[in-house]
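Reviewing the structure listed below.
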Amino acid sequence: MKKDNWDFHIQRPIPPPANGNISLDRLIKARTIAAQIILLHGDQYEPIFDRLDREITELENANNKRNRLLKFAAGH
């Protein structure tokens, strides 16, 4: 596989969590890998990147909303 100045290697796959929820950190790492794959192998993989990007945005928005609710509930 051509590296083109990328310090990129595929690590052994990590099984999905038992509860089915994927952490924000794991989604961000997957988006980074998807971006690298697109740059190395072409735009046909862009829908994967787009899906990960949407999932990250939704999760970040949900986390921000929950944090705001907790802040208001505490009277701040």
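As shown in the structure tokens, the chain order sets the letters A, B, ...; within each chain, residues go from 1, and ligands are also counted from 1 in the order they appear.
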
Could you give me, as a list in words, the residues within 12 Å of Gln44 in chain A, counting only C-alpha atoms and dropping anything in the same chain fewer than 6 positions from it?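 My list of contacting residues is Ala34, Ala35, Ile37, Ile38 and Asp50 of chain A.
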
Option closest in space to Lys29 in chain A, from A:His41, A:Ala74, A:Asp53, A:Arg66 [counting only C-alpha atoms]: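 The answer is A:Asp53, which sits nearest to Lys29 in chain A.
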
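Minimum atom-to-atom distances from A:Leu27, A:Asn67, A:His76, A:Ile33 to Arg54 in chain A were compared using only C-alpha atoms, and the lowest value belongs to A:Leu27.
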
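CA of Thr57 in chain A to CA of Leu70 in chain A spans 19.9 Å [interatomic distance, one decimal].
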